[in-house]
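Have a look at data.cif below; it lists mmCIF, C-alpha atoms (C1' of nucleotides).
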data_query
loop_
_atom_site.label_atom_id
_atom_site.label_comp_id
_atom_site.auth_asym_id
_atom_site.auth_seq_id
_atom_site.Cartn_x
_atom_site.Cartn_y
_atom_site.Cartn_z
CA MET A 1 150.63 220.83 39.29
CA TYR A 2 150.76 219.33 35.83
CA THR A 3 151.01 215.81 34.44
CA ILE A 4 153.52 214.91 31.75
CA GLY A 5 150.75 214.98 29.13
CA GLN A 6 149.78 218.55 30.03
CA VAL A 7 153.39 219.72 29.92
CA SER A 8 153.85 217.96 26.60
CA ARG A 9 150.95 219.93 25.13
CA MET A 10 152.03 223.23 26.72
CA PHE A 11 155.57 223.03 25.32
CA ARG A 12 154.78 221.02 22.18
CA LEU A 13 157.36 218.47 23.17
CA PRO A 14 156.80 214.72 22.85
CA ILE A 15 156.16 212.95 26.14
CA SER A 16 159.10 210.69 25.34
CA THR A 17 161.38 213.72 25.27
CA LEU A 18 160.23 214.89 28.68
CA ARG A 19 160.82 211.43 30.11
CA TYR A 20 164.22 211.36 28.45
CA TYR A 21 165.13 214.72 30.02
CA ASP A 22 164.01 213.45 33.39
CA LYS A 23 166.07 210.28 33.00
CA GLU A 24 169.09 212.44 32.12
CA GLY A 25 168.65 214.32 35.38
CA LEU A 26 167.34 217.63 34.03
CA PHE A 27 164.62 217.81 36.68
CA PRO A 28 166.36 216.98 39.94
CA GLY A 29 163.84 216.84 42.71
CA LEU A 30 160.85 216.32 40.40
CA GLN A 31 157.91 215.21 42.51
CA ARG A 32 156.17 211.91 41.96
CA ILE A 33 152.86 210.71 43.31
CA SER A 34 152.60 206.93 43.29
CA GLY A 35 155.10 206.76 40.45
CA VAL A 36 153.47 209.49 38.34
CA ARG A 37 155.51 212.62 37.59
CA LYS A 38 154.05 215.92 38.83
CA PHE A 39 155.50 219.07 37.22
CA ASN A 40 155.06 222.35 39.04
CA ASP A 41 156.05 225.93 38.19
CA THR A 42 159.68 225.29 39.07
CA GLU A 43 159.82 222.58 36.42
CA LEU A 44 158.04 224.71 33.83
CA GLU A 45 160.58 227.48 34.38
CA ARG A 46 163.36 224.92 34.15
CA LEU A 47 161.97 223.61 30.91
CA ARG A 48 162.05 227.14 29.48
CA VAL A 49 165.68 227.39 30.52
CA ILE A 50 166.43 223.97 29.05
CA GLU A 51 165.03 225.04 25.69
CA CYS A 52 167.09 228.20 25.77
CA LEU A 53 170.29 226.38 26.70
CA LYS A 54 169.68 223.75 24.06
CA ARG A 55 169.26 226.45 21.43
CA SER A 56 172.53 227.92 22.65
CA GLY A 57 174.18 224.64 21.71
CA LEU A 58 174.82 223.19 25.17
CA GLU A 59 174.78 219.45 25.69
CA ILE A 60 172.38 217.67 28.01
CA LYS A 61 175.14 216.86 30.48
CA ASP A 62 176.06 220.55 30.86
CA ILE A 63 172.43 221.50 31.36
CA LYS A 64 172.19 218.75 33.97
CA GLN A 65 175.16 220.24 35.81
CA PHE A 66 173.45 223.63 35.83
CA MET A 67 170.19 222.15 37.17
CA GLN A 68 172.11 220.46 39.94
CA TRP A 69 173.60 223.79 40.93
CA CYS A 70 170.09 225.26 41.00
CA GLU A 71 169.09 222.43 43.35
CA GLN A 72 171.95 223.29 45.70
CA GLY A 73 170.68 226.79 46.47
CA SER A 74 172.43 230.10 47.00
CA SER A 75 175.91 228.64 47.49
CA THR A 76 176.17 228.09 43.71
CA TYR A 77 175.21 231.55 42.44
CA ALA A 78 178.80 232.27 41.46
CA LEU A 79 179.06 229.05 39.49
CA ARG A 80 175.80 229.74 37.72
CA TYR A 81 176.92 233.28 36.93
CA GLU A 82 180.17 232.02 35.37
CA PHE A 83 178.22 229.39 33.45
CA PHE A 84 176.10 232.06 31.75
CA GLN A 85 179.04 234.43 31.28
CA LYS A 86 180.92 231.73 29.44
CA GLN A 87 177.92 230.80 27.34
CA GLN A 88 177.33 234.46 26.50
CA LYS A 89 180.82 234.75 25.02
CA ILE A 90 180.33 231.57 23.02
CA MET A 91 177.00 232.81 21.67
CA GLU A 92 178.35 236.21 20.72
CA ALA A 93 181.11 234.58 18.69
CA GLU A 94 178.55 232.29 17.08
CA LEU A 95 176.34 235.25 16.23
CA GLU A 96 179.20 236.87 14.34
CA GLN A 97 179.91 233.65 12.51
CA MET A 98 176.25 233.39 11.61
CA GLN A 99 176.20 236.93 10.29
CA ARG A 100 179.14 236.11 8.06
CA THR A 101 177.35 233.01 6.83
CA ILE A 102 174.29 235.10 6.02
CA SER A 103 176.45 237.56 4.10
CA MET A 104 177.79 234.68 2.05
CA ILE A 105 174.30 233.44 1.31
CA ARG A 106 173.08 236.93 0.36
CA TYR A 107 176.10 237.27 -1.89
CA LYS A 108 175.22 233.96 -3.56
CA CYS A 109 171.66 235.17 -4.09
CA TRP A 110 173.00 238.19 -5.93
CA TYR A 111 175.47 235.98 -7.79
CA TYR A 112 172.83 233.67 -9.23
CA GLU A 113 170.40 236.47 -9.94
CA GLN A 114 173.14 238.08 -11.98
CA ALA A 115 174.10 234.77 -13.59
CA MET A 116 170.48 234.32 -14.69
CA LYS A 117 170.40 237.79 -16.24
CA ASP A 118 173.70 237.25 -18.08
CA SER A 119 173.09 233.52 -18.76
CA SER A 120 176.68 233.12 -17.63
CA GLU A 121 178.96 233.44 -14.62
CA ASP A 122 181.87 234.81 -16.67
CA HIS A 123 181.01 238.45 -16.21
CA ILE A 124 180.85 237.99 -12.42
CA GLN A 125 184.05 235.99 -12.25
CA ASP A 126 185.84 238.92 -13.95
CA MET A 127 184.79 241.21 -11.08
CA LEU A 128 186.28 238.96 -8.38
CA PRO A 129 187.77 239.44 -5.90
CA ASP A 130 187.41 243.23 -5.51
CA LYS A 131 185.53 244.79 -8.41
CA LEU A 132 182.00 243.87 -7.43
CA PRO A 133 179.25 246.49 -7.07
CA LYS A 134 179.72 248.31 -3.77
CA GLN A 135 176.89 246.69 -1.77
CA VAL A 136 177.75 243.24 -3.03
CA GLN A 137 181.44 243.74 -2.39
CA ALA A 138 180.56 244.53 1.23
CA LEU A 139 178.72 241.22 1.58
CA TYR A 140 181.54 239.35 -0.11
CA ASP A 141 184.20 240.90 2.10
CA HIS A 142 182.14 240.43 5.25
CA ALA A 143 181.63 236.75 4.40
CA GLN A 144 185.40 236.26 4.23
CA GLY A 145 185.75 237.94 7.61
CA LYS A 146 187.25 241.19 6.29
CA MET B 147 196.42 220.78 -8.21
CA TYR B 148 196.39 219.55 -4.64
CA THR B 149 196.45 216.17 -2.96
CA ILE B 150 194.00 215.28 -0.21
CA GLY B 151 196.72 215.83 2.40
CA GLN B 152 197.38 219.37 1.20
CA VAL B 153 193.69 220.24 1.18
CA SER B 154 193.35 218.73 4.65
CA ARG B 155 196.06 221.06 5.94
CA MET B 156 194.70 224.10 4.07
CA PHE B 157 191.18 223.72 5.48
CA ARG B 158 192.11 222.09 8.79
CA LEU B 159 189.76 219.24 8.02
CA PRO B 160 190.66 215.59 8.66
CA ILE B 161 191.48 213.59 5.55
CA SER B 162 188.74 211.16 6.53
CA THR B 163 186.20 213.98 6.33
CA LEU B 164 187.30 214.95 2.82
CA ARG B 165 187.03 211.34 1.70
CA TYR B 166 183.63 211.11 3.34
CA TYR B 167 182.45 214.23 1.48
CA ASP B 168 183.71 212.76 -1.75
CA LYS B 169 181.96 209.48 -1.08
CA GLU B 170 178.75 211.40 -0.39
CA GLY B 171 179.02 213.05 -3.80
CA LEU B 172 180.01 216.56 -2.74
CA PHE B 173 182.73 216.76 -5.40
CA PRO B 174 181.09 215.50 -8.56
CA GLY B 175 183.66 215.34 -11.31
CA LEU B 176 186.64 215.31 -8.94
CA GLN B 177 189.69 214.29 -10.95
CA ARG B 178 191.72 211.21 -10.11
CA ILE B 179 195.14 210.21 -11.36
CA SER B 180 195.74 206.47 -11.03
CA GLY B 181 193.22 206.33 -8.20
CA VAL B 182 194.58 209.36 -6.30
CA ARG B 183 192.26 212.34 -5.83
CA LYS B 184 193.43 215.65 -7.34
CA PHE B 185 191.69 218.77 -6.03
CA ASN B 186 191.88 221.90 -8.13
CA ASP B 187 190.57 225.46 -7.60
CA THR B 188 187.01 224.42 -8.42
CA GLU B 189 187.07 221.93 -5.54
CA LEU B 190 188.64 224.43 -3.15
CA GLU B 191 185.88 226.92 -3.93
CA ARG B 192 183.32 224.14 -3.49
CA LEU B 193 184.80 223.24 -0.14
CA ARG B 194 184.40 226.87 0.96
CA VAL B 195 180.76 226.70 -0.09
CA ILE B 196 180.32 223.36 1.67
CA GLU B 197 181.59 224.84 4.93
CA CYS B 198 179.25 227.79 4.58
CA LEU B 199 176.24 225.61 3.81
CA LYS B 200 177.06 223.28 6.67
CA ARG B 201 177.21 226.22 9.06
CA SER B 202 173.84 227.27 7.74
CA GLY B 203 172.49 223.94 8.93
CA LEU B 204 172.03 222.14 5.61
CA GLU B 205 172.41 218.40 5.41
CA ILE B 206 174.97 216.66 3.23
CA LYS B 207 172.30 215.40 0.86
CA ASP B 208 171.06 218.94 0.18
CA ILE B 209 174.59 220.17 -0.42
CA LYS B 210 175.09 217.25 -2.78
CA GLN B 211 172.03 218.30 -4.74
CA PHE B 212 173.43 221.81 -5.05
CA MET B 213 176.80 220.53 -6.24
CA GLN B 214 175.07 218.43 -8.87
CA TRP B 215 173.28 221.53 -10.14
CA CYS B 216 176.65 223.28 -10.34
CA GLU B 217 177.92 220.39 -12.42
CA GLN B 218 175.02 220.78 -14.85
CA GLY B 219 175.96 224.29 -15.90
CA SER B 220 173.92 227.37 -16.72
CA SER B 221 170.60 225.55 -17.09
CA THR B 222 170.36 225.30 -13.29
CA TYR B 223 170.98 228.94 -12.32
CA ALA B 224 167.33 229.41 -11.39
CA LEU B 225 167.34 226.35 -9.14
CA ARG B 226 170.52 227.49 -7.44
CA TYR B 227 169.08 230.97 -6.97
CA GLU B 228 165.95 229.56 -5.30
CA PHE B 229 168.10 227.30 -3.17
CA PHE B 230 169.96 230.29 -1.70
CA GLN B 231 166.82 232.40 -1.43
CA LYS B 232 165.18 229.70 0.65
CA GLN B 233 168.24 229.26 2.80
CA GLN B 234 168.48 233.01 3.31
CA LYS B 235 164.97 233.09 4.77
CA ILE B 236 165.74 230.18 7.06
CA MET B 237 168.93 231.82 8.28
CA GLU B 238 167.27 235.15 8.92
CA ALA B 239 164.67 233.47 11.10
CA GLU B 240 167.41 231.58 12.90
CA LEU B 241 169.32 234.80 13.47
CA GLU B 242 166.33 236.32 15.22
CA GLN B 243 165.91 233.22 17.34
CA MET B 244 169.57 233.39 18.25
CA GLN B 245 169.30 237.03 19.25
CA ARG B 246 166.43 236.15 21.56
CA THR B 247 168.49 233.35 23.05
CA ILE B 248 171.36 235.77 23.66
CA SER B 249 168.98 238.17 25.36
CA MET B 250 167.90 235.38 27.68
CA ILE B 251 171.50 234.53 28.50
CA ARG B 252 172.38 238.17 29.12
CA TYR B 253 169.35 238.44 31.37
CA LYS B 254 170.52 235.38 33.30
CA CYS B 255 173.97 236.96 33.71
CA TRP B 256 172.36 239.98 35.28
CA TYR B 257 170.09 237.73 37.36
CA TYR B 258 172.93 235.81 38.98
CA GLU B 259 175.11 238.87 39.40
CA GLN B 260 172.22 240.40 41.32
CA ALA B 261 171.56 237.17 43.23
CA MET B 262 175.21 237.14 44.31
CA LYS B 263 174.96 240.72 45.57
CA ASP B 264 171.74 240.04 47.47
CA SER B 265 172.69 236.46 48.47
CA SER B 266 169.15 235.65 47.40
CA GLU B 267 166.84 235.51 44.40
CA ASP B 268 163.82 236.76 46.34
CA HIS B 269 164.34 240.43 45.55
CA ILE B 270 164.56 239.66 41.82
CA GLN B 271 161.54 237.36 41.84
CA ASP B 272 159.50 240.24 43.28
CA MET B 273 160.34 242.36 40.23
CA LEU B 274 159.07 239.76 37.76
CA PRO B 275 157.54 239.89 35.24
CA ASP B 276 157.55 243.64 34.53
CA LYS B 277 159.26 245.59 37.26
CA LEU B 278 162.88 244.94 36.33
CA PRO B 279 165.37 247.75 35.74
CA LYS B 280 164.73 249.23 32.29
CA GLN B 281 167.71 247.71 30.43
CA VAL B 282 167.16 244.32 31.99
CA GLN B 283 163.44 244.42 31.33
CA ALA B 284 164.24 244.98 27.65
CA LEU B 285 166.39 241.83 27.59
CA TYR B 286 163.74 239.86 29.45
CA ASP B 287 160.96 240.97 27.12
CA HIS B 288 163.05 240.42 24.01
CA ALA B 289 163.89 236.89 25.18
CA GLN B 290 160.17 236.08 25.40
CA GLY B 291 159.70 237.42 21.88
CA LYS B 292 157.92 240.64 22.92
"C1'" DC C 293 215.73 195.47 -1.68
"C1'" DC C 294 213.16 197.33 1.62
"C1'" DT C 295 211.31 200.80 4.43
"C1'" DT C 296 208.71 205.01 4.88
"C1'" DG C 297 205.12 208.12 3.86
"C1'" DA C 298 201.14 209.25 1.48
"C1'" DC C 299 197.60 207.63 -0.70
"C1'" DC C 300 193.50 204.03 -1.41
"C1'" DT C 301 189.11 200.91 0.01
"C1'" DG C 302 185.07 198.84 2.41
"C1'" DA C 303 183.22 197.95 6.63
"C1'" DA C 304 182.53 198.57 11.31
"C1'" DG C 305 182.32 201.74 15.24
"C1'" DT C 306 180.97 206.17 17.62
"C1'" DT C 307 178.07 209.90 19.59
"C1'" DA C 308 174.16 212.75 20.83
"C1'" DG C 309 169.65 213.17 21.32
"C1'" DG C 310 166.07 211.37 20.93
"C1'" DT C 311 161.99 207.65 19.50
"C1'" DT C 312 159.84 203.25 19.49
"C1'" DT C 313 158.46 198.97 21.36
"C1'" DA C 314 156.65 195.73 24.54
"C1'" DG C 315 154.73 194.95 28.50
"C1'" DG C 316 152.69 196.62 32.87
"C1'" DT C 317 149.88 199.73 36.36
"C1'" DT C 318 146.13 202.88 37.73
"C1'" DC C 319 142.06 205.60 37.55
"C1'" DT C 320 137.51 206.76 35.78
"C1'" DA C 321 133.24 205.96 33.45
"C1'" DC C 322 129.74 203.11 32.02
"C1'" DG D 323 133.78 194.38 36.36
"C1'" DT D 324 135.58 195.86 32.38
"C1'" DA D 325 137.03 199.12 28.72
"C1'" DG D 326 139.77 203.03 27.67
"C1'" DA D 327 142.84 206.75 28.66
"C1'" DA D 328 146.89 208.20 30.67
"C1'" DC D 329 150.56 207.05 33.03
"C1'" DC D 330 155.02 203.91 33.98
"C1'" DT D 331 159.75 201.17 32.75
"C1'" DA D 332 163.69 199.05 30.42
"C1'" DA D 333 165.66 198.15 26.38
"C1'" DA D 334 166.14 198.28 21.60
"C1'" DC D 335 166.23 201.16 17.69
"C1'" DC D 336 167.27 205.34 14.78
"C1'" DT D 337 169.94 209.08 12.21
"C1'" DA D 338 173.59 212.15 10.75
"C1'" DA D 339 178.09 212.97 10.24
"C1'" DC D 340 181.98 211.43 11.01
"C1'" DT D 341 186.05 208.33 12.59
"C1'" DT D 342 188.54 204.21 13.02
"C1'" DC D 343 190.24 199.94 11.49
"C1'" DA D 344 192.30 196.42 8.72
"C1'" DG D 345 194.42 195.59 4.85
"C1'" DG D 346 196.36 197.09 0.31
"C1'" DT D 347 198.98 200.05 -3.54
"C1'" DC D 348 202.68 202.87 -4.97
"C1'" DA D 349 206.78 206.03 -5.46
"C1'" DA D 350 211.09 207.78 -3.56
"C1'" DG D 351 215.28 207.43 -0.75
"C1'" DG D 352 219.08 204.96 1.48
#
Rendering of file as structure tokens:
Amino acid sequence: MYTIGQVSRMFRLPISTLRYYDKEGLFPGLQRISGVRKFNDTELERLRVIECLKRSGLEIKDIKQFMQWCEQGSSTYALRYEFFQKQQKIMEAELEQMQRTISMIRYKCWYYEQAMKDSSEDHIQDMLPDKLPKQVQALYDHAQGK
Amino acid sequence: MYTIGQVSRMFRLPISTLRYYDKEGLFPGLQRISGVRKFNDTELERLRVIECLKRSGLEIKDIKQFMQWCEQGSSTYALRYEFFQKQQKIMEAELEQMQRTISMIRYKCWYYEQAMKDSSEDHIQDMLPDKLPKQVQALYDHAQGK
DNA sequence: CCTTGACCTGAAGTTAGGTTTAGGTTCTAC
DNA sequence: GTAGAACCTAAACCTAACTTCAGGTCAAGG
């Protein structure tokens, strides 16, 4: 069993954040001994899940809902399964978006490298929108979702 | 040349957002005719870049800085190049993080599918941390950054 | 003339996810 | 028995990125 200070150090999260999560209901059933929070392995695992779900863009209230389902036992497996299925689809779409964003940024890197060499953007502008060098054209097209 | 209403429709952005961007200095040198904003192709291209940079997680003030460099002409190519280089590195790290997050979510999908079949998590818990089915173990390990 | 639609402004309001503050308890060591 | 460390609470504060509001200008159509 761990105190809030120990958990804070283990996860490199401010104590205030852990208390905030608790207040928001992210640790239903968290044990307390004379008012002091006691985190056990269940809570550590939950905290790992919280960090993952936060990274996936979910809001605290949705994470709270999930934790409540966990608290309710095996009757909510189906709900929890759907929850992750849905989030998986969202994340896969976001991944694609992110890859397009990266293509745009890589294209811009090439663009300014070239602009530095030429001391001008004119030469590049003449190649737009479909006469760029092959590799660069691929980035450019990918960025536009083509 | 386009009015704010036309640009709003073209980009599916609220008019208030475009005005906010302007107020924050994201369109330096935006033309006005008797007080009314007139967006031309330069601003449309800038808006595309703004959306990309926002997706990449940059703050308005950083985007503003970039737009000011654009306004200053060819003397700032090197700065703009570095700007995108830096952002590229950030995004590539974020992409990896995101892929780990997706692995975790895919693992959880499998987990609850299995839990539903077994009507219990016990069987799965016994396989942790390294006796999961091969494909699932790969997801699990990847999620932990291994 | 006057109404309608599209634009303008500055200022206040909103939201999420925390963080900070002020004041209080509890345990351990000297 | 008192000092310090580590915990507790409620409530106020913070920030970014918008959004809403209240009030005003201006051009075109009936």
Determine, using only C-alpha atoms (C1' of nucleotides), which residues of segment 151-251 of chain B have any atom at most 12 Å from an atom of segment 297-309 of chain C, and tabulate each with its shortest atom pair and distance in Å to one decimal place, rows ordered by chain and then rising number, as JSON lines.
{"residue": "B:Gly151", "atom": "CA", "partner": "C:DA298", "partner_atom": "C1'", "distance": 8.0}
{"residue": "B:Gln152", "atom": "CA", "partner": "C:DA298", "partner_atom": "C1'", "distance": 10.8}
{"residue": "B:Ile161", "atom": "CA", "partner": "C:DC299", "partner_atom": "C1'", "distance": 10.6}
{"residue": "B:Ser162", "atom": "CA", "partner": "C:DC300", "partner_atom": "C1'", "distance": 11.7}
{"residue": "B:Arg165", "atom": "CA", "partner": "C:DC300", "partner_atom": "C1'", "distance": 10.2}
{"residue": "B:Lys169", "atom": "CA", "partner": "C:DT301", "partner_atom": "C1'", "distance": 11.2}
{"residue": "B:Arg178", "atom": "CA", "partner": "C:DC300", "partner_atom": "C1'", "distance": 11.4}
{"residue": "B:Ile179", "atom": "CA", "partner": "C:DC299", "partner_atom": "C1'", "distance": 11.2}
{"residue": "B:Ser180", "atom": "CA", "partner": "C:DC300", "partner_atom": "C1'", "distance": 10.2}
{"residue": "B:Gly181", "atom": "CA", "partner": "C:DC300", "partner_atom": "C1'", "distance": 7.2}
{"residue": "B:Val182", "atom": "CA", "partner": "C:DC299", "partner_atom": "C1'", "distance": 6.6}
{"residue": "B:Arg183", "atom": "CA", "partner": "C:DC299", "partner_atom": "C1'", "distance": 8.8}
{"residue": "B:Lys184", "atom": "CA", "partner": "C:DC299", "partner_atom": "C1'", "distance": 11.2}
Selected residues written out, C-alpha atoms, as a short mmCIF file (atom, residue, chain, number, x, y, z; two decimals), in the frame of the given file:
data_model
loop_
_atom_site.label_atom_id
_atom_site.label_comp_id
_atom_site.auth_asym_id
_atom_site.auth_seq_id
_atom_site.Cartn_x
_atom_site.Cartn_y
_atom_site.Cartn_z
CA GLY B 151 196.72 215.83 2.40
CA GLN B 152 197.38 219.37 1.20
CA ILE B 161 191.48 213.59 5.55
CA SER B 162 188.74 211.16 6.53
CA ARG B 165 187.03 211.34 1.70
CA LYS B 169 181.96 209.48 -1.08
CA ARG B 178 191.72 211.21 -10.11
CA ILE B 179 195.14 210.21 -11.36
CA SER B 180 195.74 206.47 -11.03
CA GLY B 181 193.22 206.33 -8.20
CA VAL B 182 194.58 209.36 -6.30
CA ARG B 183 192.26 212.34 -5.83
CA LYS B 184 193.43 215.65 -7.34
#
Practice item. Run the PyMOL selection byres ((chain C) within 10 of (chain A)) against the file shown and list the residues it catches, as a list of chain:residue names. Key: C:DA308, C:DG309, C:DG310, C:DT311, C:DT312, C:DT317, C:DT318
Around the point (173.6, 242.7, -11.0), in the coordinates given by the file, pick out the residues reaching within 12 Å, counting all atoms listed in the file, and return them as a CSV table (one decimal) with C-alpha atoms, keeping the file's coordinate frame.
chain,number,residue,atom,x,y,z
A,107,TYR,CA,176.1,237.3,-1.9
A,108,LYS,CA,175.2,234.0,-3.6
A,109,CYS,CA,171.7,235.2,-4.1
A,110,TRP,CA,173.0,238.2,-5.9
A,111,TYR,CA,175.5,236.0,-7.8
A,112,TYR,CA,172.8,233.7,-9.2
A,113,GLU,CA,170.4,236.5,-9.9
A,114,GLN,CA,173.1,238.1,-12.0
A,115,ALA,CA,174.1,234.8,-13.6
A,116,MET,CA,170.5,234.3,-14.7
A,117,LYS,CA,170.4,237.8,-16.2
A,118,ASP,CA,173.7,237.2,-18.1
A,121,GLU,CA,179.0,233.4,-14.6
A,123,HIS,CA,181.0,238.4,-16.2
A,124,ILE,CA,180.8,238.0,-12.4
A,127,MET,CA,184.8,241.2,-11.1
A,132,LEU,CA,182.0,243.9,-7.4
A,133,PRO,CA,179.2,246.5,-7.1
A,134,LYS,CA,179.7,248.3,-3.8
A,135,GLN,CA,176.9,246.7,-1.8
A,136,VAL,CA,177.8,243.2,-3.0
A,137,GLN,CA,181.4,243.7,-2.4
Per residue of chain B within 7 Å of chain A, note the shortest atom pair and the distance in Å to one decimal, counting all atoms listed in the file, and order the rows by chain and increasing residue number, as a tab-separated table.
residue	atom	partner	partner_atom	distance
B:Cys198	CA	A:Thr101	CA	6.0
B:Ser202	CA	A:Thr101	CA	6.8
B:Ser220	CA	A:Ser120	CA	6.4
B:Tyr223	CA	A:Met116	CA	5.9
B:Ala224	CA	A:Met116	CA	6.7
B:Arg226	CA	A:Tyr112	CA	6.8
B:Tyr227	CA	A:Tyr112	CA	5.1
B:Phe230	CA	A:Cys109	CA	5.7
B:Gln231	CA	A:Cys109	CA	6.2
B:Gln234	CA	A:Ile105	CA	6.2
B:Met237	CA	A:Ile102	CA	6.7
B:Thr247	CA	A:Cys52	CA	6.0
B:Ile248	CA	A:Met91	CA	6.7
B:Ile251	CA	A:Phe84	CA	6.2
B:Arg252	CA	A:Gln88	CA	6.7
B:Lys254	CA	A:Phe84	CA	6.7
B:Cys255	CA	A:Phe84	CA	5.7
B:Tyr258	CA	A:Tyr81	CA	5.2
B:Glu259	CA	A:Tyr81	CA	6.4
B:Ala261	CA	A:Tyr77	CA	6.7
B:Met262	CA	A:Tyr77	CA	5.9
B:Ser265	CA	A:Ser74	CA	6.5
B:Ser266	CA	A:Ser74	CA	6.5
Review point. Exactly which residues make up the result of the PyMOL selection byres ((chain D and resi 351) around 10) on this file, given as a list of chain:residue names?
Key: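 Listing what the PyMOL selection byres ((chain D and resi 351) around 10) selects in the shown file: C:DT295, C:DT296, D:DA349, D:DA350, D:DG352.
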Can I get the residues of chain D within 10 Å of chain B, each with the closest pair of atoms and their distance in Å to one decimal, using all atoms listed in the file, sorted chain first then ascending number, as a tab-separated table?
residue	atom	partner	partner_atom	distance
D:DA338	C1'	B:Glu205	CA	8.3
D:DA339	C1'	B:Ile206	CA	8.5
D:DC340	C1'	B:Thr163	CA	6.8
D:DT341	C1'	B:Ser162	CA	7.2
D:DT342	C1'	B:Ser162	CA	9.5
D:DT347	C1'	B:Gly181	CA	9.7
D:DC348	C1'	B:Ser180	CA	9.9
Check your understanding: Could you tell me, as a list of chain:residue names, which residues have any atom at most 12 Å from (192.8, 227.0, 5.4), counting all atoms listed in the file?
Key ->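 Residues satisfying the cut-off, written out: A:Gln144, B:Gln152, B:Val153, B:Ser154, B:Arg155, B:Met156, B:Phe157, B:Arg158, B:Leu159, B:Leu190, B:Glu191, B:Leu193, B:Arg194, B:Glu197.
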Exercise for review: Quick one: apply the PyMOL selection byres ((chain B and resi 173) around 10) to the file and drop the selected residues here as a VMD selection string.
Suggested key: chain B and resid 164 to 165 167 to 172 174 to 177 185 188 to 190 192 to 193 196 210 213 to 214 217
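Across the model, the gap from atom CA of Tyr148 of chain B to atom CA of Asp130 of chain A is 25.3 Å.
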Review point. If you measure from atom CA of Ala93 of chain A to atom CA of Leu58 of chain A, what distance in Å do you get, rounded to one decimal?
Key: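 Between atom CA of Ala93 of chain A and atom CA of Leu58 of chain A the gap works out to 14.5 Å.
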Exercise for review: Go ahead and compute the interatomic distance for atom CA of Gly57 of chain A and atom CA of Tyr286 of chain B, in Å to one decimal.
Suggested key: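 The value is 20.0 Å.
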Box in all listed atoms of segment 340-346 of chain D, axis-aligned, with 5 Å more on each side; write out centre and edge lengths in Å to one decimal as AutoDock Vina command-line options.
--center_x 189.2 --center_y 203.5 --center_z 6.7 --size_x 24.4 --size_y 25.8 --size_z 22.7
